[in-house]
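Asks: My structure is in target03.tsv, and what it holds is TSV, C-alpha atoms:
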```
chain	number	residue	atom	x	y	z
V	1	MET	CA	81.68	228.74	-99.82
V	2	ARG	CA	82.28	229.03	-96.11
V	3	GLU	CA	80.52	231.55	-93.86
V	4	LYS	CA	81.92	235.06	-93.84
V	5	LEU	CA	84.19	235.81	-90.89
V	6	LYS	CA	82.79	237.79	-87.97
V	7	TYR	CA	84.77	239.27	-85.11
V	8	PHE	CA	84.83	240.84	-81.67
V	9	ILE	CA	87.14	243.83	-81.28
V	10	ILE	CA	88.62	245.66	-78.30
V	11	ASN	CA	89.81	249.10	-79.41
V	12	LYS	CA	88.21	251.69	-77.11
V	13	ALA	CA	88.66	252.80	-73.51
V	14	TYR	CA	85.19	251.44	-72.74
V	15	ASP	CA	86.22	247.99	-73.96
V	16	TYR	CA	89.42	247.91	-71.92
V	17	ASN	CA	87.68	249.17	-68.79
V	18	ARG	CA	85.25	246.26	-68.96
V	19	GLY	CA	88.21	243.95	-68.50
V	20	TYR	CA	90.78	243.78	-65.69
V	21	CYS	CA	94.19	245.48	-65.82
V	22	GLU	CA	97.29	245.13	-63.70
V	23	ASN	CA	100.28	247.39	-64.33
V	24	MET	CA	98.46	248.62	-67.44
V	25	ALA	CA	96.59	251.88	-68.00
V	26	VAL	CA	94.07	253.04	-70.59
V	27	SER	CA	95.29	256.01	-72.62
V	28	GLY	CA	92.90	257.24	-75.29
V	29	SER	CA	91.99	254.18	-77.34
V	30	ARG	CA	95.04	252.13	-76.29
V	31	LEU	CA	96.13	250.05	-73.34
V	32	CYS	CA	99.59	251.25	-72.34
V	33	PHE	CA	102.23	249.69	-70.15
V	34	SER	CA	102.30	251.54	-66.85
V	35	SER	CA	104.56	250.90	-63.90
V	36	GLU	CA	106.67	252.78	-61.43
V	37	LYS	CA	109.87	252.40	-63.45
V	38	GLY	CA	108.30	251.66	-66.83
V	39	SER	CA	109.28	247.99	-66.66
V	40	GLY	CA	107.99	244.77	-65.15
V	41	VAL	CA	104.97	242.66	-66.04
V	42	GLY	CA	101.67	244.03	-67.32
V	43	ARG	CA	98.55	241.85	-67.33
V	44	PHE	CA	95.14	242.21	-68.96
V	45	LEU	CA	92.09	239.94	-68.77
V	46	THR	CA	89.31	240.68	-71.25
V	47	ARG	CA	85.62	240.46	-70.55
V	48	VAL	CA	83.69	237.36	-71.63
V	49	PHE	CA	82.45	237.36	-75.25
V	50	ASP	CA	79.31	235.45	-76.23
V	51	SER	CA	79.12	234.02	-79.77
V	52	GLY	CA	75.50	233.00	-79.24
V	53	GLU	CA	76.16	229.47	-80.52
V	54	ARG	CA	77.08	226.39	-78.51
V	55	GLY	CA	80.14	224.51	-79.70
V	56	MET	CA	81.44	227.52	-81.63
V	57	ASN	CA	84.77	226.71	-83.26
V	58	TRP	CA	86.80	229.95	-83.00
V	59	HIS	CA	89.08	231.05	-85.79
V	60	ARG	CA	91.82	233.51	-84.91
V	61	LEU	CA	93.20	235.93	-82.31
V	62	VAL	CA	95.12	239.05	-83.43
V	63	ILE	CA	96.83	241.51	-81.05
V	64	ASN	CA	98.07	244.76	-82.62
V	65	ALA	CA	100.64	246.50	-80.43
V	66	ASP	CA	103.31	249.22	-80.59
V	67	ASP	CA	106.90	248.79	-79.42
V	68	LEU	CA	106.17	245.33	-78.07
V	69	ASP	CA	108.58	242.45	-78.57
V	70	PRO	CA	106.39	239.43	-79.44
V	71	ALA	CA	108.78	237.24	-77.46
V	72	ALA	CA	107.70	239.15	-74.34
V	73	LEU	CA	104.02	238.24	-74.76
V	74	ARG	CA	102.22	235.24	-73.29
V	75	VAL	CA	98.56	234.52	-74.11
V	76	THR	CA	95.99	232.20	-72.56
V	77	VAL	CA	92.63	231.66	-74.27
V	78	TYR	CA	89.63	230.43	-72.25
V	79	ALA	CA	86.44	228.99	-73.74
V	80	SER	CA	83.32	227.31	-72.42
V	81	ASP	CA	79.83	226.27	-73.47
V	82	LYS	CA	78.55	226.79	-69.93
V	83	ASP	CA	77.39	230.14	-68.59
V	84	SER	CA	78.57	229.23	-65.11
V	85	ILE	CA	81.73	228.68	-63.12
V	86	ARG	CA	82.64	227.03	-59.84
V	87	TYR	CA	83.84	229.41	-57.14
V	88	ASN	CA	84.24	228.98	-53.37
V	89	GLY	CA	82.29	225.75	-53.37
V	90	GLY	CA	79.33	227.28	-55.20
V	91	THR	CA	78.27	228.07	-58.73
V	92	LEU	CA	78.07	231.54	-60.24
V	93	THR	CA	77.14	232.65	-63.71
V	94	LEU	CA	79.90	234.31	-65.71
V	95	SER	CA	78.07	237.64	-65.37
V	96	GLU	CA	77.78	237.30	-61.58
V	97	PHE	CA	81.42	236.28	-61.30
V	98	SER	CA	82.56	239.29	-63.39
V	99	GLU	CA	80.65	241.63	-61.05
V	100	LEU	CA	82.66	240.54	-58.00
V	101	LYS	CA	84.80	243.62	-57.38
V	102	ASP	CA	87.17	242.45	-54.63
V	103	LEU	CA	88.84	239.68	-56.64
V	104	THR	CA	92.37	239.98	-57.95
V	105	ILE	CA	93.37	238.82	-61.40
V	106	ASP	CA	95.04	235.78	-59.81
V	107	ASP	CA	91.74	234.88	-58.10
V	108	ARG	CA	89.93	235.06	-61.43
V	109	LEU	CA	92.58	233.04	-63.27
V	110	LYS	CA	92.41	230.33	-60.63
V	111	ALA	CA	88.65	230.02	-61.10
V	112	PHE	CA	88.98	230.12	-64.91
V	113	GLU	CA	91.70	227.45	-65.08
V	114	PRO	CA	89.33	224.56	-65.97
V	115	CYS	CA	88.26	226.59	-69.04
V	116	ALA	CA	91.79	227.15	-70.38
V	117	ALA	CA	91.73	226.04	-74.03
V	118	LYS	CA	94.98	227.29	-75.56
V	119	ARG	CA	98.26	228.85	-74.45
V	120	ALA	CA	100.95	230.46	-76.59
V	121	SER	CA	104.07	232.58	-76.16
V	122	GLY	CA	105.88	234.93	-78.51
V	123	VAL	CA	103.03	235.42	-81.00
V	124	THR	CA	100.57	238.24	-81.69
V	125	ASP	CA	98.61	236.31	-84.34
V	126	LEU	CA	97.21	232.98	-83.18
V	127	LEU	CA	94.94	230.42	-84.89
V	128	LEU	CA	92.17	229.18	-82.56
V	129	HIS	CA	90.87	226.22	-84.58
V	130	SER	CA	91.19	223.91	-81.58
V	131	VAL	CA	89.24	226.28	-79.30
V	132	THR	CA	85.52	225.49	-79.02
V	133	GLY	CA	82.77	226.90	-76.85
V	134	ARG	CA	80.02	229.49	-76.92
V	135	TYR	CA	81.95	231.87	-74.61
V	136	ILE	CA	85.54	233.06	-74.99
V	137	TRP	CA	87.87	235.38	-73.08
V	138	VAL	CA	91.61	236.06	-73.22
V	139	PHE	CA	94.37	236.72	-70.70
V	140	MET	CA	97.62	238.44	-71.73
V	141	GLU	CA	100.92	238.89	-69.91
V	142	LEU	CA	103.38	241.47	-71.25
V	143	TYR	CA	106.97	241.36	-70.05
V	144	ASN	CA	108.71	244.71	-70.39
V	145	PRO	CA	112.20	244.53	-68.84
V	146	ASP	CA	113.60	247.32	-71.04
V	147	GLY	CA	111.10	250.00	-70.01
V	148	ARG	CA	109.69	250.47	-73.50
V	149	THR	CA	106.55	252.48	-74.15
V	150	ALA	CA	104.67	249.32	-75.11
V	151	ALA	CA	100.96	249.66	-75.87
V	152	ILE	CA	98.14	247.46	-77.16
V	153	ASN	CA	96.21	249.23	-79.94
V	154	ASP	CA	93.46	246.67	-80.51
V	155	ILE	CA	92.54	243.01	-80.07
V	156	TRP	CA	90.55	241.02	-82.66
V	157	ILE	CA	88.83	237.66	-82.07
V	158	TYR	CA	87.54	236.08	-85.30
V	159	LEU	CA	84.84	233.44	-85.73
V	160	PRO	CA	83.84	230.89	-86.97
V	161	ALA	CA	86.85	228.70	-87.74
V	162	GLY	CA	87.70	228.12	-91.36
V	163	SER	CA	90.74	226.67	-93.08
V	164	TRP	CA	91.82	226.51	-96.70
V	165	ILE	CA	92.39	222.81	-96.21
V	166	ASP	CA	88.59	222.42	-96.33
V	167	HIS	CA	88.78	223.29	-100.03
V	168	LEU	CA	91.24	220.48	-100.78
V	169	PRO	CA	90.28	216.91	-101.69
V	170	ALA	CA	89.40	214.61	-98.79
V	171	ILE	CA	92.65	212.67	-99.10
V	172	TYR	CA	94.62	215.74	-97.98
V	173	ARG	CA	92.32	216.37	-95.03
V	174	ARG	CA	92.58	212.75	-93.87
V	175	SER	CA	96.36	212.66	-94.11
V	176	ASP	CA	96.58	215.88	-92.11
V	177	ALA	CA	94.11	214.86	-89.40
V	178	ASP	CA	96.79	214.00	-86.83
V	179	SER	CA	99.64	216.48	-87.41
V	180	HIS	CA	97.66	219.43	-88.80
V	181	PHE	CA	100.88	220.48	-90.54
V	182	LEU	CA	99.22	221.29	-93.87
V	183	GLU	CA	96.45	223.23	-92.16
V	184	ARG	CA	98.95	225.35	-90.25
V	185	TYR	CA	101.09	225.82	-93.35
V	186	LEU	CA	98.13	227.05	-95.39
V	187	GLY	CA	97.15	229.23	-92.44
V	188	ILE	CA	100.15	231.47	-93.14
V	189	PHE	CA	98.85	232.41	-96.58
V	190	GLN	CA	95.26	232.43	-95.36
V	191	THR	CA	96.17	235.05	-92.76
V	192	PHE	CA	97.70	237.36	-95.38
V	193	TYR	CA	94.67	236.91	-97.61
V	194	GLU	CA	92.17	237.65	-94.82
V	195	GLU	CA	94.08	240.78	-93.77
V	196	LEU	CA	94.10	242.01	-97.36
V	197	ASP	CA	90.43	241.18	-97.75
V	198	ARG	CA	89.58	243.14	-94.59
V	199	GLU	CA	91.56	246.16	-95.76
V	200	ILE	CA	89.77	246.11	-99.11
V	201	ALA	CA	86.40	245.88	-97.33
V	202	ASP	CA	87.33	248.89	-95.17
V	203	ILE	CA	88.88	250.89	-98.03
V	204	ALA	CA	86.11	253.50	-97.84
V	205	HIS	CA	87.54	254.66	-94.51
V	206	ARG	CA	90.76	255.64	-96.28
V	207	PHE	CA	88.86	258.28	-98.22
V	208	ASP	CA	87.08	259.84	-95.23
V	209	PRO	CA	89.22	262.65	-93.72
V	210	GLU	CA	87.43	262.30	-90.38
V	211	CYS	CA	88.53	258.71	-89.75
V	212	ALA	CA	91.45	258.09	-92.14
V	213	GLU	CA	94.80	257.24	-90.58
V	214	THR	CA	97.35	260.03	-90.37
V	215	ASP	CA	99.51	258.61	-93.17
V	216	PHE	CA	96.57	258.65	-95.55
V	217	LEU	CA	95.78	262.32	-94.92
V	218	GLU	CA	98.79	263.44	-96.95
V	219	TRP	CA	97.82	260.98	-99.68
V	220	LEU	CA	94.32	262.49	-99.83
V	221	ALA	CA	95.82	265.97	-99.83
V	222	LYS	CA	97.78	265.17	-103.00
V	223	TRP	CA	94.53	264.21	-104.71
V	224	LEU	CA	93.25	267.72	-103.96
V	225	SER	CA	96.51	269.46	-104.96
V	226	ILE	CA	97.28	270.49	-101.38
V	227	SER	CA	101.05	270.50	-101.44
V	228	ASP	CA	101.99	272.24	-98.18
V	229	THR	CA	100.63	269.61	-95.81
V	230	LYS	CA	103.41	270.11	-93.25
V	231	ILE	CA	102.20	273.59	-92.30
V	232	TRP	CA	98.91	272.20	-91.00
V	233	SER	CA	98.35	270.29	-87.79
V	234	GLU	CA	96.56	266.94	-88.09
V	235	ASP	CA	93.20	268.40	-86.98
V	236	GLN	CA	93.59	271.38	-89.30
V	237	LEU	CA	94.47	269.12	-92.23
V	238	ARG	CA	91.39	266.96	-91.63
V	239	GLU	CA	89.21	270.08	-91.58
V	240	LEU	CA	90.91	271.43	-94.71
V	241	LEU	CA	90.26	268.18	-96.59
V	242	LEU	CA	86.61	268.20	-95.54
V	243	ARG	CA	86.16	271.77	-96.79
V	244	ALA	CA	88.54	271.67	-99.75
V	245	VAL	CA	85.82	271.42	-102.41
V	246	SER	CA	84.01	274.39	-100.89
V	247	PHE	CA	87.23	276.43	-100.84
V	248	TYR	CA	88.00	275.64	-104.48
V	249	ARG	CA	84.49	276.52	-105.62
V	250	ARG	CA	84.83	279.96	-104.02
V	251	ARG	CA	88.47	280.43	-104.88
V	252	GLY	CA	89.34	284.08	-105.46
V	253	THR	CA	86.65	285.43	-103.14
V	254	LYS	CA	87.15	287.35	-99.96
V	255	GLU	CA	85.12	284.79	-97.97
V	256	SER	CA	87.24	281.79	-98.96
V	257	LEU	CA	90.47	283.70	-98.28
V	258	SER	CA	89.22	284.73	-94.84
V	259	GLU	CA	88.03	281.22	-93.89
V	260	LEU	CA	91.29	279.55	-94.99
V	261	ILE	CA	93.47	281.96	-93.02
V	262	GLU	CA	91.16	281.60	-90.01
V	263	LEU	CA	91.55	277.81	-90.23
V	264	TYR	CA	95.32	278.20	-89.88
V	265	THR	CA	95.50	281.04	-87.31
V	266	GLY	CA	92.34	280.33	-85.33
V	267	GLU	CA	91.41	284.01	-85.71
V	268	LYS	CA	89.39	285.79	-88.37
V	269	PRO	CA	91.65	288.14	-90.37
V	270	PHE	CA	90.72	291.64	-91.52
V	271	ILE	CA	90.65	291.97	-95.29
V	272	THR	CA	90.22	295.08	-97.42
V	273	GLU	CA	89.98	295.28	-101.19
V	274	GLY	CA	91.23	298.47	-102.84
V	275	SER	CA	91.44	301.64	-100.78
V	276	ASP	CA	89.11	304.21	-99.29
V	277	VAL	CA	90.77	307.18	-97.65
V	278	SER	CA	87.98	309.68	-97.21
V	279	GLY	CA	88.29	313.09	-95.66
V	280	VAL	CA	91.69	313.87	-97.20
V	281	GLU	CA	91.28	316.63	-99.74
V	282	ASP	CA	94.90	316.90	-100.83
V	283	ARG	CA	95.22	314.42	-103.72
V	284	ALA	CA	98.98	313.91	-103.34
V	285	LEU	CA	98.60	313.24	-99.60
V	286	ARG	CA	95.68	310.90	-100.21
V	287	GLU	CA	97.65	308.90	-102.78
V	288	GLU	CA	100.61	308.67	-100.41
V	289	ILE	CA	98.38	307.35	-97.60
V	290	GLU	CA	96.73	304.86	-99.94
V	291	LYS	CA	100.12	303.66	-101.12
V	292	THR	CA	101.36	303.23	-97.54
V	293	LEU	CA	98.27	301.46	-96.21
V	294	CYS	CA	96.88	299.59	-99.21
V	295	GLY	CA	99.74	299.20	-101.69
V	296	ALA	CA	100.60	300.92	-104.92
V	297	GLU	CA	98.56	298.69	-107.26
V	298	PRO	CA	94.80	299.26	-107.61
V	299	ASN	CA	94.05	295.50	-107.49
V	300	THR	CA	95.76	294.96	-104.14
V	301	VAL	CA	94.12	292.88	-101.42
V	302	THR	CA	95.24	293.84	-97.92
V	303	VAL	CA	95.18	291.11	-95.26
V	304	LEU	CA	95.60	292.23	-91.66
V	305	VAL	CA	96.51	289.60	-89.06
V	306	ARG	CA	97.25	289.83	-85.38
V	307	PRO	CA	100.85	289.28	-84.21
V	308	GLY	CA	102.12	285.83	-83.21
V	309	HIS	CA	101.71	283.97	-86.51
V	310	ASP	CA	104.19	282.90	-89.18
V	311	LEU	CA	103.71	285.48	-91.94
V	312	ARG	CA	105.55	283.36	-94.50
V	313	VAL	CA	103.05	280.55	-94.06
V	314	ILE	CA	100.07	282.91	-94.16
V	315	ARG	CA	101.42	284.46	-97.37
V	316	ARG	CA	101.65	281.03	-99.02
V	317	ILE	CA	98.10	280.22	-97.92
V	318	ALA	CA	96.73	283.55	-99.13
V	319	LEU	CA	98.39	283.33	-102.54
V	320	GLU	CA	96.64	279.98	-103.10
V	321	MET	CA	93.25	281.67	-102.77
V	322	LEU	CA	93.91	284.99	-104.56
V	323	PRO	CA	93.14	285.55	-108.24
V	324	VAL	CA	96.20	285.57	-110.50
V	325	THR	CA	95.82	289.30	-111.21
V	326	ALA	CA	95.54	290.31	-107.55
V	327	GLN	CA	98.41	291.62	-105.44
V	328	LEU	CA	98.78	290.67	-101.79
V	329	ASN	CA	99.57	293.17	-99.07
V	330	LEU	CA	100.06	291.16	-95.87
V	331	VAL	CA	100.29	293.25	-92.70
V	332	GLU	CA	100.98	292.19	-89.13
V	333	LEU	CA	99.11	294.58	-86.86
V	334	ASP	CA	101.01	296.40	-84.13
V	335	PRO	CA	99.28	296.60	-80.74
V	336	TYR	CA	99.88	300.35	-80.64
V	337	ILE	CA	98.73	303.46	-82.48
V	338	PHE	CA	101.16	304.83	-85.03
V	339	LEU	CA	100.07	307.72	-87.21
V	340	GLY	CA	100.30	306.88	-90.90
V	341	LYS	CA	100.27	303.15	-90.19
V	342	HIS	CA	97.58	300.53	-89.67
V	343	ALA	CA	95.71	301.60	-86.54
V	344	TYR	CA	92.08	300.55	-86.30
V	345	LEU	CA	89.75	301.37	-83.44
V	346	GLY	CA	88.54	298.22	-81.75
V	347	VAL	CA	91.01	296.04	-83.66
V	348	ASN	CA	94.47	296.96	-82.44
V	349	SER	CA	93.72	300.20	-80.61
V	350	ALA	CA	91.18	301.57	-78.17
V	351	LEU	CA	90.19	304.93	-76.75
V	352	GLY	CA	91.10	305.41	-73.12
V	353	GLN	CA	89.26	307.37	-70.48
V	354	TYR	CA	90.13	310.92	-69.43
V	355	ARG	CA	92.75	311.00	-66.67
V	356	PRO	CA	94.85	313.89	-65.39
V	357	ALA	CA	98.56	313.33	-64.85
V	358	ALA	CA	100.98	314.95	-62.40
V	359	LEU	CA	104.61	315.73	-63.22
V	360	ASP	CA	107.17	316.03	-60.41
V	361	GLY	CA	104.31	316.33	-57.94
V	362	ARG	CA	103.89	320.04	-58.83
V	363	THR	CA	103.02	320.52	-62.50
V	364	ARG	CA	99.58	319.35	-63.59
V	365	LEU	CA	99.06	318.09	-67.18
V	366	THR	CA	95.69	317.39	-68.74
V	367	LEU	CA	95.39	314.41	-71.12
V	368	THR	CA	92.85	314.80	-73.89
V	369	SER	CA	90.73	311.77	-74.81
V	370	LEU	CA	89.17	311.64	-78.26
V	371	GLY	CA	85.43	312.01	-77.90
V	372	GLY	CA	85.75	312.62	-74.17
V	373	THR	CA	84.80	315.69	-72.14
V	374	PRO	CA	87.00	316.89	-69.24
V	375	PRO	CA	85.41	317.61	-65.87
V	376	PRO	CA	83.98	321.14	-65.42
V	377	ASP	CA	86.87	322.29	-63.22
V	378	GLU	CA	89.34	321.28	-65.97
V	379	GLN	CA	87.54	323.01	-68.86
V	380	PRO	CA	89.24	326.14	-70.26
V	381	LYS	CA	87.67	329.49	-69.25
```
As structure tokens, what does this structure read like?

Replies:
Amino acid sequence: MREKLKYFIINKAYDYNRGYCENMAVSGSRLCFSSEKGSGVGRFLTRVFDSGERGMNWHRLVINADDLDPAALRVTVYASDKDSIRYNGGTLTLSEFSELKDLTIDDRLKAFEPCAAKRASGVTDLLLHSVTGRYIWVFMELYNPDGRTAAINDIWIYLPAGSWIDHLPAIYRRSDADSHFLERYLGIFQTFYEELDREIADIAHRFDPECAETDFLEWLAKWLSISDTKIWSEDQLRELLLRAVSFYRRRGTKESLSELIELYTGEKPFITEGSDVSGVEDRALREEIEKTLCGAEPNTVTVLVRPGHDLRVIRRIALEMLPVTAQLNLVELDPYIFLGKHAYLGVNSALGQYRPAALDGRTRLTLTSLGGTPPPDEQPK
């Protein structure tokens, strides 16, 4: 059985910045086409990769891109067993040459030309079985005449080389030695198989909300009976999936209800269970106040939220966490004091300081502040 495939991957800003870009710009974890009019030619030269083995026979190059016409892509692969290169009549190591800051991409390509091992156009998946050498690096030209938002997501370089033709009897390998037709034909199916094998090996990432792709988040949500996935942003949905088991274990409690609403709104809600209107001796008046503020049913849970949120969504979220027998009283707080309504000191109302007011420039009116004491000259005598 042949050796398991290994790979180099470029999929982070750090990786792209170690290469050389022209008319391309790093955006997040992608290399995006960038030009004055959004069209033209973008070029990218990767850093040099070291396999650690002389005479390495490389296997495959894969370029994953968005909104890129493969016909508008041209690739040159360079390889060498030597850790040196001729430049300006002298010899520099590949590391020393890469540290020269004043060189253009054209200057580098001119020096690299003796190491060119393979060229291809119009493909994003390229077999490298004819490319040998300990070191490898890749140059890409992207033609974008239509001004598309083309972007390179990641670049994979696989090693060592391996072909399904090696598993066939020797007679097939000998007959294919010159044309390599059978090897290339089997390479089509080998590529599909290797992609599937890699996805199976990385299947655990599909179940991790922190690193799963966006499309898989909704799939994971269905496993946890989270039906309203559209109401959550991507970051909120990831957090919800991570904490879903904790929420379900504490379902029906005030804490879980508060945390779930806070996850959606970004603010901790105010929640009261039942009613407590103390200081009102008249029973009929007390019952009326309780009915107005806390609902008519004794098992009512009142949720108070600040203005600016979709109450319909919050109601759906709250009902998921409430016990079946509980009633929900969802209230959007007003930023003013209204007697007989929800006005809470320090929540949606505050006590002001004592200030006198003048009417028409002649009449003087004293404003009374709760808990405050007017100045001595304003106190009644």

Asks: Find the residues near Arg54 in chain V: any atom within 7 Å, counting all atoms listed in the file, skip ones fewer than 4 places away on the same chain, and give them as a PyMOL selection string.

Replies: chain V and resi 81+133-134

Asks: Calculate how many Å separate CA of Gly308 in chain V from CA of Pro323 in chain V, rounding to one decimal.

Replies: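 One can read the CA of Gly308 in chain V to CA of Pro323 in chain V distance as 26.6 Å.
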
Asks: Within 12 Å of (91.2, 257.0, -95.8) (file coordinates; only C-alpha atoms), which protein or nucleic acid residues are there? I'd like them as number ranges by chain.

Replies: V: 199-200, 202-221, 223, 238, 241

Asks: Mind giving me the straight-line distance from CA of Val77 in chain V to CA of Tyr20 in chain V in Å, one decimal?

Replies: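 Pair CA of Val77 in chain V / CA of Tyr20 in chain V returns 15.0 Å.
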
Asks: From the set V:Leu126, V:Ala150, V:Val62, V:Ile171, which residue has the shortest atom-to-atom contact distance to Ala25 in chain V, counting all atoms listed in the file?

Replies: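 For Ala25 in chain V, the nearest of the candidates is V:Ala150.
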
Asks: Tell me, in Å to one decimal, how far CA of Pro269 in chain V is from CA of Lys222 in chain V.

Replies: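 Spanning CA of Pro269 in chain V to CA of Lys222 in chain V is a straight-line distance of 26.9 Å.
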
Asks: If you count all atoms listed in the file, which residues fall within 12 Å of Arg243 in chain V, apart from same-chain ones fewer than 6 positions away, as a ChimeraX atom specification?

Replies: /V:209-210,221,224,236-237,249-250,256,259-260,263

Asks: Tell me which protein, DNA and RNA residues are within 7 Å of range 154-157 of chain V, counting all atoms listed in the file, leaving out same-chain ones fewer than 6 positions away, and put them as a PyMOL selection string.

Replies: chain V and resi 7-11+60-64

Asks: Please save C-alpha atoms of the selected residues as a compact mmCIF listing (two decimals), in the frame of the given file.

Replies:
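What ended up in result-v1.txt:
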```txt
# COMPACT_ATOMS: atom_id res chain seq x y z
CA TYR V 7 84.77 239.27 -85.11
CA PHE V 8 84.83 240.84 -81.67
CA ILE V 9 87.14 243.83 -81.28
CA ILE V 10 88.62 245.66 -78.30
CA ASN V 11 89.81 249.10 -79.41
CA ARG V 60 91.82 233.51 -84.91
CA LEU V 61 93.20 235.93 -82.31
CA VAL V 62 95.12 239.05 -83.43
CA ILE V 63 96.83 241.51 -81.05
CA ASN V 64 98.07 244.76 -82.62
```

Asks: Using all atoms listed in the file, can you tell me which of V:Trp164, V:His129, V:Asp83, V:Val305 comes closest to Glu96 in chain V?

Replies: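 Smallest distance to Glu96 in chain V is found for V:Asp83.
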
Asks: Quick one: of V:Lys6, V:Lys268, V:Arg43, V:Arg184, who's nearest to Ile152 in chain V, counting all atoms listed in the file?

Replies: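 Looking only at the distances to Ile152 in chain V, the closest residue turns out to be V:Arg43.
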
Asks: Point out the residue among V:Thr300, V:Ser246, V:Thr91, V:Asn144 with the least atom-to-atom distance to Asn23 in chain V, counting all atoms listed in the file.

Replies: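 Using all atoms listed in the file, Asn23 in chain V sits closest to V:Asn144.
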
Asks: For Asn153 in chain V, find every residue with an atom within 12 Å (counting only C-alpha atoms), except residues of its own chain fewer than 5 positions away, and show them as an mmCIF file with C-alpha atoms, in the coordinates of the input.

Replies:
```
data_model
loop_
_atom_site.group_PDB
_atom_site.id
_atom_site.type_symbol
_atom_site.label_atom_id
_atom_site.label_comp_id
_atom_site.auth_asym_id
_atom_site.auth_seq_id
_atom_site.Cartn_x
_atom_site.Cartn_y
_atom_site.Cartn_z
ATOM 1 C CA ILE V 9 87.140 243.830 -81.280
ATOM 2 C CA ILE V 10 88.620 245.660 -78.300
ATOM 3 C CA ASN V 11 89.810 249.100 -79.410
ATOM 4 C CA LYS V 12 88.210 251.690 -77.110
ATOM 5 C CA ALA V 13 88.660 252.800 -73.510
ATOM 6 C CA ASP V 15 86.220 247.990 -73.960
ATOM 7 C CA TYR V 16 89.420 247.910 -71.920
ATOM 8 C CA VAL V 26 94.070 253.040 -70.590
ATOM 9 C CA SER V 27 95.290 256.010 -72.620
ATOM 10 C CA GLY V 28 92.900 257.240 -75.290
ATOM 11 C CA SER V 29 91.990 254.180 -77.340
ATOM 12 C CA ARG V 30 95.040 252.130 -76.290
ATOM 13 C CA LEU V 31 96.130 250.050 -73.340
ATOM 14 C CA CYS V 32 99.590 251.250 -72.340
ATOM 15 C CA PHE V 33 102.230 249.690 -70.150
ATOM 16 C CA VAL V 62 95.120 239.050 -83.430
ATOM 17 C CA ILE V 63 96.830 241.510 -81.050
ATOM 18 C CA ASN V 64 98.070 244.760 -82.620
ATOM 19 C CA ALA V 65 100.640 246.500 -80.430
ATOM 20 C CA ASP V 66 103.310 249.220 -80.590
ATOM 21 C CA ASP V 67 106.900 248.790 -79.420
ATOM 22 C CA LEU V 68 106.170 245.330 -78.070
ATOM 23 C CA THR V 124 100.570 238.240 -81.690
#
```

Asks: List every protein, DNA or RNA residue that has an atom no more than 12 Å from (88.1, 288.8, -103.3) in the file's coordinate frame, counting only C-alpha atoms, and report them as a VMD selection string.

Replies: chain V and resid 250 to 258 271 to 274 299 to 303 318 to 319 321 to 328

Asks: Writing N, CA and C atoms and nothing else, produce range 201-212 of chain V as a PDB file, in the first residue's frame.

Replies:
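Heads up, here's the output in decode.pdb:
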```
ATOM      1  N   ALA V 201     -11.992  11.933   6.389  1.00  0.00           N
ATOM      2  CA  ALA V 201     -10.991  12.082   7.451  1.00  0.00           C
ATOM      3  C   ALA V 201     -11.243  13.342   8.280  1.00  0.00           C
ATOM      4  N   ASP V 202     -11.802  14.377   7.632  1.00  0.00           N
ATOM      5  CA  ASP V 202     -12.061  15.637   8.335  1.00  0.00           C
ATOM      6  C   ASP V 202     -13.508  15.757   8.792  1.00  0.00           C
ATOM      7  N   ILE V 203     -14.256  14.654   8.811  1.00  0.00           N
ATOM      8  CA  ILE V 203     -15.686  14.719   9.119  1.00  0.00           C
ATOM      9  C   ILE V 203     -15.953  15.249  10.520  1.00  0.00           C
ATOM     10  N   ALA V 204     -14.993  15.058  11.439  1.00  0.00           N
ATOM     11  CA  ALA V 204     -15.206  15.541  12.812  1.00  0.00           C
ATOM     12  C   ALA V 204     -15.409  17.047  12.856  1.00  0.00           C
ATOM     13  N   HIS V 205     -14.795  17.774  11.902  1.00  0.00           N
ATOM     14  CA  HIS V 205     -14.957  19.226  11.880  1.00  0.00           C
ATOM     15  C   HIS V 205     -16.388  19.635  11.550  1.00  0.00           C
ATOM     16  N   ARG V 206     -17.134  18.752  10.893  1.00  0.00           N
ATOM     17  CA  ARG V 206     -18.523  19.077  10.560  1.00  0.00           C
ATOM     18  C   ARG V 206     -19.397  19.140  11.807  1.00  0.00           C
ATOM     19  N   PHE V 207     -18.959  18.457  12.864  1.00  0.00           N
ATOM     20  CA  PHE V 207     -19.774  18.383  14.073  1.00  0.00           C
ATOM     21  C   PHE V 207     -19.344  19.393  15.136  1.00  0.00           C
ATOM     22  N   ASP V 208     -18.340  20.190  14.837  1.00  0.00           N
ATOM     23  CA  ASP V 208     -17.857  21.200  15.783  1.00  0.00           C
ATOM     24  C   ASP V 208     -18.421  22.561  15.381  1.00  0.00           C
ATOM     25  N   PRO V 209     -19.330  23.136  16.177  1.00  0.00           N
ATOM     26  CA  PRO V 209     -19.943  24.422  15.800  1.00  0.00           C
ATOM     27  C   PRO V 209     -18.939  25.550  15.629  1.00  0.00           C
ATOM     28  N   GLU V 210     -17.775  25.444  16.260  1.00  0.00           N
ATOM     29  CA  GLU V 210     -16.806  26.534  16.186  1.00  0.00           C
ATOM     30  C   GLU V 210     -16.093  26.589  14.832  1.00  0.00           C
ATOM     31  N   CYS V 211     -15.975  25.463  14.144  1.00  0.00           N
ATOM     32  CA  CYS V 211     -15.234  25.460  12.888  1.00  0.00           C
ATOM     33  C   CYS V 211     -16.028  24.880  11.721  1.00  0.00           C
ATOM     34  N   ALA V 212     -17.256  24.444  11.948  1.00  0.00           N
ATOM     35  CA  ALA V 212     -18.069  23.901  10.854  1.00  0.00           C
ATOM     36  C   ALA V 212     -18.403  24.996   9.851  1.00  0.00           C
TER      37      ALA V 212
END
```
